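A.B. asks: Data file model-v5.cif (mmCIF, N, CA and C atoms) is appended below.
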```cif
data_final
loop_
_atom_site.label_atom_id
_atom_site.label_comp_id
_atom_site.auth_asym_id
_atom_site.auth_seq_id
_atom_site.Cartn_x
_atom_site.Cartn_y
_atom_site.Cartn_z
N MET A 351 -14.15 -13.91 -26.73
CA MET A 351 -13.21 -12.88 -26.36
C MET A 351 -11.95 -13.55 -25.83
N ALA A 352 -10.84 -13.30 -26.45
CA ALA A 352 -9.57 -13.92 -26.07
C ALA A 352 -8.91 -13.10 -24.97
N SER A 353 -8.18 -13.80 -24.09
CA SER A 353 -7.46 -13.08 -23.03
C SER A 353 -6.22 -12.43 -23.60
N SER A 354 -5.77 -11.39 -22.92
CA SER A 354 -4.58 -10.68 -23.40
C SER A 354 -3.36 -11.57 -23.23
N PRO A 355 -2.29 -11.32 -24.00
CA PRO A 355 -1.13 -12.20 -23.93
C PRO A 355 -0.40 -12.15 -22.59
N ALA A 356 -0.59 -11.09 -21.80
CA ALA A 356 0.11 -10.99 -20.53
C ALA A 356 -0.62 -11.71 -19.41
N GLN A 357 -1.78 -12.28 -19.68
CA GLN A 357 -2.56 -12.93 -18.64
C GLN A 357 -2.97 -14.32 -19.09
N GLY A 358 -3.31 -15.12 -18.10
CA GLY A 358 -3.85 -16.44 -18.40
C GLY A 358 -2.78 -17.51 -18.41
N PRO A 359 -3.20 -18.75 -18.26
CA PRO A 359 -2.25 -19.85 -18.22
C PRO A 359 -1.61 -20.16 -19.57
N GLN A 360 -2.18 -19.63 -20.67
CA GLN A 360 -1.61 -19.90 -21.98
C GLN A 360 -0.41 -19.03 -22.29
N SER A 361 -0.19 -17.97 -21.53
CA SER A 361 0.92 -17.08 -21.84
C SER A 361 2.24 -17.78 -21.55
N PRO A 362 3.25 -17.48 -22.34
CA PRO A 362 4.55 -18.12 -22.14
C PRO A 362 5.13 -17.78 -20.77
N PHE A 363 5.98 -18.66 -20.27
CA PHE A 363 6.52 -18.48 -18.93
C PHE A 363 7.30 -17.19 -18.80
N TYR A 364 8.00 -16.76 -19.85
CA TYR A 364 8.81 -15.55 -19.75
C TYR A 364 7.94 -14.30 -19.63
N VAL A 365 6.72 -14.33 -20.16
CA VAL A 365 5.81 -13.19 -20.01
C VAL A 365 5.33 -13.11 -18.57
N ARG A 366 5.01 -14.26 -17.98
CA ARG A 366 4.59 -14.27 -16.58
C ARG A 366 5.71 -13.80 -15.66
N TYR A 367 6.91 -14.28 -15.88
CA TYR A 367 8.03 -13.87 -15.04
C TYR A 367 8.39 -12.41 -15.25
N ALA A 368 8.31 -11.94 -16.49
CA ALA A 368 8.60 -10.52 -16.76
C ALA A 368 7.58 -9.63 -16.05
N ARG A 369 6.33 -10.04 -16.07
CA ARG A 369 5.28 -9.27 -15.38
C ARG A 369 5.54 -9.24 -13.87
N LYS A 370 5.91 -10.39 -13.32
CA LYS A 370 6.18 -10.48 -11.89
C LYS A 370 7.38 -9.59 -11.53
N ILE A 371 8.40 -9.58 -12.35
CA ILE A 371 9.59 -8.76 -12.09
C ILE A 371 9.25 -7.28 -12.18
N VAL A 372 8.50 -6.88 -13.21
CA VAL A 372 8.14 -5.46 -13.37
C VAL A 372 7.27 -5.00 -12.20
N ILE A 373 6.29 -5.79 -11.82
CA ILE A 373 5.44 -5.41 -10.69
C ILE A 373 6.25 -5.36 -9.40
N GLY A 374 7.17 -6.28 -9.23
CA GLY A 374 8.02 -6.28 -8.04
C GLY A 374 8.91 -5.06 -7.96
N VAL A 375 9.51 -4.69 -9.07
CA VAL A 375 10.41 -3.52 -9.09
C VAL A 375 9.63 -2.23 -8.89
N VAL A 376 8.54 -2.06 -9.64
CA VAL A 376 7.75 -0.83 -9.53
C VAL A 376 7.10 -0.73 -8.15
N GLY A 377 6.48 -1.80 -7.68
CA GLY A 377 5.85 -1.79 -6.37
C GLY A 377 6.85 -1.59 -5.25
N GLY A 378 8.01 -2.22 -5.38
CA GLY A 378 9.06 -2.04 -4.37
C GLY A 378 9.58 -0.62 -4.33
N ALA A 379 9.78 -0.03 -5.51
CA ALA A 379 10.27 1.35 -5.57
C ALA A 379 9.26 2.33 -4.97
N VAL A 380 7.98 2.13 -5.28
CA VAL A 380 6.95 3.02 -4.73
C VAL A 380 6.84 2.84 -3.22
N THR A 381 6.93 1.58 -2.75
CA THR A 381 6.88 1.33 -1.31
C THR A 381 8.06 1.96 -0.60
N LEU A 382 9.26 1.81 -1.15
CA LEU A 382 10.45 2.43 -0.54
C LEU A 382 10.36 3.95 -0.55
N ALA A 383 9.82 4.51 -1.62
CA ALA A 383 9.63 5.96 -1.67
C ALA A 383 8.65 6.40 -0.59
N GLY A 384 7.60 5.63 -0.38
CA GLY A 384 6.63 5.94 0.67
C GLY A 384 7.24 5.86 2.05
N LEU A 385 8.07 4.85 2.27
CA LEU A 385 8.74 4.73 3.57
C LEU A 385 9.70 5.90 3.79
N ALA A 386 10.37 6.34 2.74
CA ALA A 386 11.24 7.51 2.87
C ALA A 386 10.44 8.76 3.17
N MET A 387 9.23 8.85 2.61
CA MET A 387 8.39 10.02 2.85
C MET A 387 7.81 10.05 4.25
N LEU A 388 7.94 8.96 5.01
CA LEU A 388 7.54 9.01 6.40
C LEU A 388 8.46 9.94 7.18
N ILE A 389 9.70 10.07 6.72
CA ILE A 389 10.68 10.95 7.35
C ILE A 389 10.78 12.26 6.58
N LEU A 390 10.81 12.15 5.27
CA LEU A 390 10.92 13.32 4.40
C LEU A 390 9.52 13.90 4.15
N PRO A 391 9.45 15.12 3.62
CA PRO A 391 8.13 15.68 3.32
C PRO A 391 7.42 14.90 2.21
N GLY A 392 6.16 14.67 2.42
CA GLY A 392 5.36 13.97 1.42
C GLY A 392 4.33 13.07 2.07
N PRO A 393 3.42 12.55 1.27
CA PRO A 393 2.35 11.68 1.79
C PRO A 393 2.84 10.25 1.97
N GLY A 394 3.64 10.01 2.99
CA GLY A 394 4.31 8.72 3.19
C GLY A 394 3.37 7.55 3.35
N ILE A 395 2.35 7.68 4.17
CA ILE A 395 1.45 6.55 4.42
C ILE A 395 0.68 6.20 3.15
N LEU A 396 0.21 7.21 2.46
CA LEU A 396 -0.56 6.98 1.23
C LEU A 396 0.30 6.30 0.17
N VAL A 397 1.53 6.77 -0.02
CA VAL A 397 2.40 6.20 -1.05
C VAL A 397 2.83 4.78 -0.67
N THR A 398 3.06 4.54 0.62
CA THR A 398 3.40 3.19 1.07
C THR A 398 2.26 2.22 0.79
N LEU A 399 1.03 2.64 1.10
CA LEU A 399 -0.13 1.79 0.81
C LEU A 399 -0.31 1.57 -0.70
N LEU A 400 -0.02 2.59 -1.49
CA LEU A 400 -0.09 2.44 -2.94
C LEU A 400 0.94 1.42 -3.44
N GLY A 401 2.15 1.51 -2.92
CA GLY A 401 3.19 0.55 -3.30
C GLY A 401 2.81 -0.87 -2.92
N LEU A 402 2.24 -1.05 -1.73
CA LEU A 402 1.81 -2.38 -1.33
C LEU A 402 0.63 -2.86 -2.18
N ALA A 403 -0.22 -1.94 -2.60
CA ALA A 403 -1.33 -2.33 -3.49
C ALA A 403 -0.78 -2.81 -4.84
N ILE A 404 0.25 -2.15 -5.33
CA ILE A 404 0.87 -2.59 -6.59
C ILE A 404 1.50 -3.96 -6.40
N LEU A 405 2.23 -4.15 -5.31
CA LEU A 405 2.85 -5.44 -5.04
C LEU A 405 1.82 -6.55 -4.86
N SER A 406 0.66 -6.22 -4.30
CA SER A 406 -0.35 -7.24 -4.05
C SER A 406 -1.00 -7.75 -5.33
N LEU A 407 -0.76 -7.09 -6.46
CA LEU A 407 -1.24 -7.61 -7.73
C LEU A 407 -0.60 -8.95 -8.04
N GLU A 408 0.62 -9.16 -7.55
CA GLU A 408 1.36 -10.36 -7.88
C GLU A 408 1.78 -11.17 -6.65
N PHE A 409 1.85 -10.55 -5.48
CA PHE A 409 2.34 -11.22 -4.28
C PHE A 409 1.26 -11.14 -3.19
N SER A 410 0.81 -12.29 -2.72
CA SER A 410 -0.28 -12.30 -1.74
C SER A 410 0.15 -11.73 -0.39
N TRP A 411 1.42 -11.89 0.00
CA TRP A 411 1.89 -11.36 1.28
C TRP A 411 1.74 -9.85 1.34
N ALA A 412 1.92 -9.16 0.22
CA ALA A 412 1.82 -7.70 0.19
C ALA A 412 0.38 -7.26 0.46
N GLY A 413 -0.58 -8.02 -0.02
CA GLY A 413 -1.98 -7.70 0.25
C GLY A 413 -2.31 -7.84 1.73
N ARG A 414 -1.76 -8.88 2.37
CA ARG A 414 -1.99 -9.05 3.81
C ARG A 414 -1.35 -7.93 4.61
N VAL A 415 -0.14 -7.53 4.23
CA VAL A 415 0.54 -6.42 4.92
C VAL A 415 -0.24 -5.12 4.73
N ARG A 416 -0.73 -4.88 3.51
CA ARG A 416 -1.49 -3.66 3.23
C ARG A 416 -2.75 -3.59 4.07
N VAL A 417 -3.47 -4.71 4.18
CA VAL A 417 -4.69 -4.74 4.98
C VAL A 417 -4.36 -4.50 6.45
N TRP A 418 -3.29 -5.12 6.95
CA TRP A 418 -2.89 -4.94 8.35
C TRP A 418 -2.52 -3.48 8.63
N LEU A 419 -1.73 -2.88 7.73
CA LEU A 419 -1.34 -1.48 7.91
C LEU A 419 -2.55 -0.56 7.85
N ARG A 420 -3.46 -0.83 6.95
CA ARG A 420 -4.65 0.01 6.84
C ARG A 420 -5.50 -0.05 8.11
N ARG A 421 -5.65 -1.25 8.68
CA ARG A 421 -6.40 -1.38 9.94
C ARG A 421 -5.72 -0.62 11.06
N ARG A 422 -4.40 -0.75 11.17
CA ARG A 422 -3.66 -0.05 12.22
C ARG A 422 -3.79 1.46 12.04
N PHE A 423 -3.72 1.93 10.81
CA PHE A 423 -3.86 3.36 10.53
C PHE A 423 -5.24 3.85 10.94
N ASP A 424 -6.28 3.11 10.57
CA ASP A 424 -7.65 3.49 10.93
C ASP A 424 -7.84 3.49 12.45
N GLN A 425 -7.25 2.52 13.14
CA GLN A 425 -7.34 2.49 14.60
C GLN A 425 -6.65 3.71 15.22
N GLY A 426 -5.50 4.07 14.68
CA GLY A 426 -4.78 5.24 15.18
C GLY A 426 -5.55 6.52 14.96
N VAL A 427 -6.17 6.66 13.81
CA VAL A 427 -6.98 7.84 13.52
C VAL A 427 -8.17 7.91 14.47
N ALA A 428 -8.83 6.77 14.71
CA ALA A 428 -9.98 6.75 15.62
C ALA A 428 -9.54 7.11 17.04
N ARG A 429 -8.39 6.60 17.45
CA ARG A 429 -7.88 6.91 18.79
C ARG A 429 -7.52 8.38 18.92
N ALA A 430 -6.93 8.94 17.87
CA ALA A 430 -6.57 10.36 17.90
C ALA A 430 -7.81 11.24 17.94
N ARG A 431 -8.84 10.83 17.22
CA ARG A 431 -10.08 11.62 17.23
C ARG A 431 -10.81 11.52 18.57
N ALA A 432 -10.68 10.39 19.23
CA ALA A 432 -11.38 10.21 20.50
C ALA A 432 -10.68 10.93 21.65
N GLY A 433 -9.43 11.23 21.53
CA GLY A 433 -8.70 11.88 22.61
C GLY A 433 -8.33 10.87 23.68
N ARG A 434 -7.67 11.34 24.71
CA ARG A 434 -7.21 10.43 25.76
C ARG A 434 -8.34 9.87 26.60
N ASP A 435 -9.31 10.69 26.93
CA ASP A 435 -10.37 10.25 27.83
C ASP A 435 -11.65 9.82 27.10
N GLY A 436 -11.57 9.61 25.81
CA GLY A 436 -12.72 9.14 25.07
C GLY A 436 -13.58 10.23 24.46
N ARG A 437 -13.33 11.48 24.85
CA ARG A 437 -14.12 12.57 24.28
C ARG A 437 -13.41 13.11 23.05
N PRO A 438 -14.14 13.66 22.11
CA PRO A 438 -13.50 14.28 20.96
C PRO A 438 -12.58 15.41 21.38
N THR A 439 -11.45 15.52 20.67
CA THR A 439 -10.51 16.59 21.01
C THR A 439 -11.02 17.93 20.53
N ARG A 440 -10.66 18.98 21.24
CA ARG A 440 -11.07 20.33 20.87
C ARG A 440 -9.84 21.23 20.91
N VAL A 441 -9.67 22.02 19.88
CA VAL A 441 -8.54 22.94 19.81
C VAL A 441 -9.04 24.32 20.18
N ASP A 442 -8.44 24.91 21.21
CA ASP A 442 -8.80 26.28 21.59
C ASP A 442 -7.99 27.27 20.77
N ALA A 443 -8.67 28.21 20.17
CA ALA A 443 -7.99 29.27 19.40
C ALA A 443 -7.76 30.46 20.29
N ARG A 444 -6.58 30.56 20.83
CA ARG A 444 -6.25 31.66 21.73
C ARG A 444 -5.23 32.56 21.10
#
```
Written as structure tokens, how would this file's structure read?

C.D. replies:
Amino acid sequence: MASSPAQGPQSPFYVRYARKIVIGVVGGAVTLAGLAMLILPGPGILVTLLGLAILSLEFSWAGRVRVWLRRRFDQGVARARAGRDGRPTRVDAR
């Protein structure tokens, strides 16, 4: 089974660079859109993580940032669920 022309060390240098550029542009655009959605209406955190996931296909730093952001997000959710004094929050319907 032969590898596809866009992958592997046998692919020409211009194919590797073109792939890196396309992933960088698409991942960067999705990440910027996600950051804008943190202020504007939309799923900002989800889209930002998606953009970083796209960037991490080609750039290792993006994968580290994505993992760090995901941990911080999970910690924030756990803290919000625990409430200030450690007990689960309860909403009174009045």

A.B. asks: What is the atom CA of A:Val375 to atom CA of A:Arg416 distance in Å?

C.D. replies: 17.1 Å

A.B. asks: Looking at all atoms listed in the file, which of A:Ala430, A:Leu419, A:Glu408, A:Gly413 is the one that sits closest to A:Lys370?

C.D. replies: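 That would be A:Glu408, the residue with the smallest distance to A:Lys370.
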
A.B. asks: Find the residues near A:Gly377: any atom within 6 Å, counting only C-alpha atoms, skip ones fewer than 6 places away on the same chain, and give them as a tab-separated table (two decimals) with N, CA and C atoms, in the coordinates of the input.

C.D. replies:
```
chain	number	residue	atom	x	y	z
A	401	GLY	N	2.15	1.51	-2.92
A	401	GLY	CA	3.19	0.55	-3.30
A	401	GLY	C	2.81	-0.87	-2.92
A	404	ILE	N	0.25	-2.15	-5.33
A	404	ILE	CA	0.87	-2.59	-6.59
A	404	ILE	C	1.50	-3.96	-6.40
A	405	LEU	N	2.23	-4.15	-5.31
A	405	LEU	CA	2.85	-5.44	-5.04
A	405	LEU	C	1.82	-6.55	-4.86
```

A.B. asks: What does the structure give for the distance between atom CA of A:Ser406 and atom CA of A:Val376, in Å to one decimal?

C.D. replies: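 Atom CA of A:Val376 lies at a distance of 11.7 Å from atom CA of A:Ser406.
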
A.B. asks: What does the distance from atom C of A:Ala403 to atom C of A:Arg369 come to in Å, to one decimal?

C.D. replies: 12.8 Å

A.B. asks: May I ask which of the residues A:Phe423, A:Trp418, A:Ser410, A:Leu402 is the closest one to A:Thr381, counting all atoms listed in the file?

C.D. replies: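 The closest residue to A:Thr381 is A:Leu402.
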